[in-house]
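The structure under discussion appears below in the form of structure tokens.
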Amino acid sequence: MKDQGQVILTSGRSDVAVQVGDCNPLIRDLAPTLKSRNIRGVAFLDPYGAHLEWATLEALAATGTMEVVVNFPVAMAINRLMIKSGDVPERWSDQLDRCFGTDEWRAIAYRRDVDLFGNDITVKNGGAAERLLALYVERLGRLFPFVATPRLIRNTRNAPLYYLLWAGPNGLGRKGADHILKQGERVARKR
Ligand SMILES: C[S@@+](CC[C@H](N)C(=O)[O-])C[C@H]1O[C@@H](n2cnc3c(N)ncnc32)[C@H](O)[C@@H]1O
């Protein structure tokens with residue numbers, strides 16, 4: 001992956017550690033150290049595309065202490081990797097498998113059909129973005145005990161940008177997250 005940013009790890013004390021590199025292995029290495037009873041934390045996972053790997057969310061869920069806020073750019077970036085012809089380059093399809101933690105995205109995005117000449121063809125399904133979101137959120141609910149209602153953030157022209165998702169280990173956290181994420185939707189509408 002060319003575009004590799006920073007992982008900023010902060011603690012409640014004054015010490016801050018910045019690690020540069022692919023956040024996926026960095027977070028997976030860190031996660032086992034976050035299982036302590038005294039630790040609570042939020043991981044803000046803000047990729048432009050399909051760079052956040054499912055195994056990274058699994059590692060954070062397994063801590064039992066971490067909440068996650070995920071920017072899930074399903075319409076603008078992820079759904080666009082699923083090109084109309086269905087001939088998704090292997091590099092992209094591997095990335096999508098890692099992002100969703102499954103290849104179920106393919107059956108959601110495409111169906112087999114027959115054209116006017118009787119040829120078997122692959123057709124991209126309408127409404128794929130919403131169903132991909134539903135797959136992702138349903139799978140998040142298998143990792144974390146609580147998942148907030150996804151909120152769609154739009155740009156100034158009202159076009160969908162990304163969904164903000166929250167998942168975490170306790171119900172009170174979800175209540176707060178539902179309230180906060182709802183404000184994001186309102187801010188976007190006011191612009
Ligand atoms: C949407 S931006 C994040 C913006 C940031 N939250 C802010 O407010 O400035 C996505 C960032 O993720 C970085 N990125 C992409 N893939 C990454 C990866 N595998 N690990 C760490 N960072 C990555 C990109 O370089 C880009 O800077």
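Here's how to read the names in the structure tokens: chain A, B, ... by the order shown, residue numbers from 1 in each chain, ligand numbers from 1 in the order shown.
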- prompt: Using only C-alpha atoms and all ligand atoms, what are the residues with an atom within 12 Å of ligand 1, set out as a ChimeraX atom specification?
  reply: /A:1-8,18-28,43-53,56,69-73,77,95,98-99,161-162
message: Counting only C-alpha atoms, which residue out of A:Val42, A:Leu81, A:Leu165, A:Ile121 sits closest to A:Gly64?
response: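 Looking only at the distances to A:Gly64, the closest residue turns out to be A:Val42.
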- request: If you run DSSP over the backbone, which residues in chain A end up helix (DSSP H, G or I)? Put them as a ChimeraX atom specification.
  value: /A:23-34,54-63,74-81,90-100,104-109,128-143,171-190
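Of note, atom CA of A:Trp54 and atom CA of A:Leu140 are spaced 9.2 Å apart.
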- line: Residue with the minimum atom-to-atom distance to A:Ile83, picked from A:Arg131, A:Arg142, A:Arg154, A:Lys124 with only C-alpha atoms counted, is A:Lys124
May I have all residues of chain A that DSSP, computed from the backbone, assigns to strand (DSSP E), given as a short mmCIF file (atom, residue, chain, number, x, y, z; two decimals) with N, CA and C atoms, in the first residue's frame?
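Written out: result-v2.cif:
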data_model
loop_
_atom_site.label_atom_id
_atom_site.label_comp_id
_atom_site.auth_asym_id
_atom_site.auth_seq_id
_atom_site.Cartn_x
_atom_site.Cartn_y
_atom_site.Cartn_z
N GLN A 6 -0.16 7.83 9.62
CA GLN A 6 0.33 7.73 10.97
C GLN A 6 -0.69 7.04 11.86
N VAL A 7 -0.20 6.41 12.87
CA VAL A 7 -1.06 5.94 13.93
C VAL A 7 -0.67 6.73 15.15
N ILE A 8 -1.60 7.46 15.73
CA ILE A 8 -1.27 8.25 16.90
C ILE A 8 -1.90 7.59 18.11
N LEU A 9 -1.07 7.18 19.02
CA LEU A 9 -1.54 6.47 20.19
C LEU A 9 -1.37 7.37 21.39
N THR A 10 -2.44 7.65 22.06
CA THR A 10 -2.33 8.53 23.22
C THR A 10 -2.82 7.79 24.44
N VAL A 16 2.60 10.57 24.76
CA VAL A 16 1.99 10.32 23.45
C VAL A 16 3.03 9.61 22.59
N ALA A 17 2.60 8.56 21.92
CA ALA A 17 3.54 7.87 21.02
C ALA A 17 2.97 7.91 19.62
N VAL A 18 3.80 8.32 18.67
CA VAL A 18 3.38 8.34 17.27
C VAL A 18 4.15 7.27 16.52
N GLN A 19 3.42 6.43 15.83
CA GLN A 19 4.08 5.41 15.02
C GLN A 19 3.70 5.64 13.57
N VAL A 20 4.65 5.58 12.69
CA VAL A 20 4.40 5.82 11.27
C VAL A 20 4.42 4.50 10.52
N GLY A 41 -10.58 3.19 25.89
CA GLY A 41 -10.07 3.99 24.78
C GLY A 41 -11.00 3.99 23.59
N VAL A 42 -10.75 4.94 22.71
CA VAL A 42 -11.51 5.03 21.46
C VAL A 42 -10.50 5.04 20.31
N ALA A 43 -10.71 4.20 19.33
CA ALA A 43 -9.87 4.22 18.13
C ALA A 43 -10.66 4.90 17.02
N PHE A 44 -10.14 6.04 16.54
CA PHE A 44 -10.78 6.75 15.43
C PHE A 44 -10.11 6.27 14.15
N LEU A 45 -10.84 5.55 13.34
CA LEU A 45 -10.28 4.89 12.16
C LEU A 45 -10.85 5.58 10.93
N MET A 66 -11.81 -1.26 24.08
CA MET A 66 -11.75 -0.20 23.07
C MET A 66 -13.08 -0.03 22.34
N GLU A 67 -13.45 1.25 22.15
CA GLU A 67 -14.55 1.59 21.25
C GLU A 67 -13.92 1.95 19.90
N VAL A 68 -14.66 1.81 18.84
CA VAL A 68 -14.14 2.25 17.54
C VAL A 68 -15.13 3.22 16.89
N VAL A 69 -14.58 4.25 16.28
CA VAL A 69 -15.37 5.13 15.40
C VAL A 69 -14.77 4.92 14.02
N VAL A 70 -15.57 4.47 13.09
CA VAL A 70 -15.06 4.12 11.76
C VAL A 70 -15.71 5.02 10.71
N ASN A 71 -14.87 5.66 9.93
CA ASN A 71 -15.34 6.35 8.73
C ASN A 71 -15.41 5.29 7.64
N PHE A 72 -16.62 5.00 7.19
CA PHE A 72 -16.80 3.93 6.21
C PHE A 72 -17.24 4.55 4.88
N TYR A 110 -22.72 -8.03 -7.35
CA TYR A 110 -22.93 -8.54 -8.72
C TYR A 110 -23.91 -9.70 -8.77
N ARG A 111 -24.52 -9.87 -9.94
CA ARG A 111 -25.30 -11.07 -10.21
C ARG A 111 -24.97 -11.55 -11.62
N ARG A 112 -25.23 -12.80 -11.87
CA ARG A 112 -25.05 -13.35 -13.21
C ARG A 112 -26.34 -13.15 -13.97
N ASP A 113 -26.23 -12.87 -15.26
CA ASP A 113 -27.42 -12.66 -16.09
C ASP A 113 -27.11 -13.15 -17.51
N VAL A 114 -28.10 -13.06 -18.38
CA VAL A 114 -27.90 -13.48 -19.78
C VAL A 114 -28.27 -12.28 -20.65
N ASP A 120 -23.72 -15.40 -21.12
CA ASP A 120 -23.66 -15.17 -19.67
C ASP A 120 -22.90 -13.88 -19.40
N ILE A 121 -23.47 -13.02 -18.61
CA ILE A 121 -22.77 -11.76 -18.28
C ILE A 121 -22.85 -11.50 -16.77
N THR A 122 -21.95 -10.64 -16.31
CA THR A 122 -21.99 -10.19 -14.91
C THR A 122 -22.62 -8.80 -14.89
N VAL A 123 -23.55 -8.58 -13.98
CA VAL A 123 -24.24 -7.29 -13.89
C VAL A 123 -24.07 -6.74 -12.48
N LYS A 124 -23.76 -5.46 -12.41
CA LYS A 124 -23.66 -4.82 -11.09
C LYS A 124 -25.06 -4.54 -10.56
N PHE A 146 -22.04 -3.82 21.22
CA PHE A 146 -22.95 -2.72 20.90
C PHE A 146 -22.48 -1.99 19.62
N VAL A 147 -23.46 -1.66 18.77
CA VAL A 147 -23.17 -0.92 17.54
C VAL A 147 -24.20 0.20 17.42
N ARG A 151 -24.54 6.70 10.58
CA ARG A 151 -25.00 8.04 10.16
C ARG A 151 -24.30 8.44 8.87
N LEU A 152 -25.08 8.90 7.92
CA LEU A 152 -24.53 9.28 6.62
C LEU A 152 -24.12 10.75 6.64
N ILE A 153 -22.87 11.00 6.31
CA ILE A 153 -22.36 12.38 6.23
C ILE A 153 -22.31 12.74 4.73
N ARG A 154 -22.87 13.92 4.42
CA ARG A 154 -22.94 14.37 3.02
C ARG A 154 -22.07 15.59 2.80
N PRO A 160 -23.65 11.88 -0.85
CA PRO A 160 -23.13 11.08 0.26
C PRO A 160 -21.61 10.98 0.22
N LEU A 161 -20.97 11.21 1.39
CA LEU A 161 -19.51 11.11 1.47
C LEU A 161 -19.11 9.80 2.13
N TYR A 162 -19.59 9.60 3.34
CA TYR A 162 -19.22 8.39 4.09
C TYR A 162 -20.20 8.18 5.23
N TYR A 163 -20.18 6.99 5.78
CA TYR A 163 -20.95 6.71 6.98
C TYR A 163 -20.02 6.75 8.17
N LEU A 164 -20.51 7.31 9.27
CA LEU A 164 -19.78 7.22 10.53
C LEU A 164 -20.41 6.10 11.33
N LEU A 165 -19.57 5.18 11.77
CA LEU A 165 -20.03 4.02 12.53
C LEU A 165 -19.38 4.04 13.90
N TRP A 166 -20.07 3.52 14.86
CA TRP A 166 -19.48 3.35 16.20
C TRP A 166 -19.80 1.94 16.68
N ALA A 167 -18.82 1.33 17.33
CA ALA A 167 -19.07 0.05 17.99
C ALA A 167 -18.23 0.00 19.25
N GLY A 168 -18.72 -0.69 20.25
CA GLY A 168 -17.96 -0.73 21.50
C GLY A 168 -18.47 -1.75 22.48
#
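Nearest residue to A:Pro150 among A:Asn125, A:Val74, A:Leu172, A:Phe117 is A:Val74, counting only C-alpha atoms.
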field: Two-atom distance - atom CA of A:Lys35, atom CA of A:Phe144 (Å)
entry: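 Going from atom CA of A:Lys35 over to atom CA of A:Phe144 covers 14.5 Å.
For the residues A:Ala148, A:Ile78, A:Ala61, A:Leu34, ranking by smallest atom-to-atom distance to A:Lys175 using only C-alpha atoms places A:Ala148 first.
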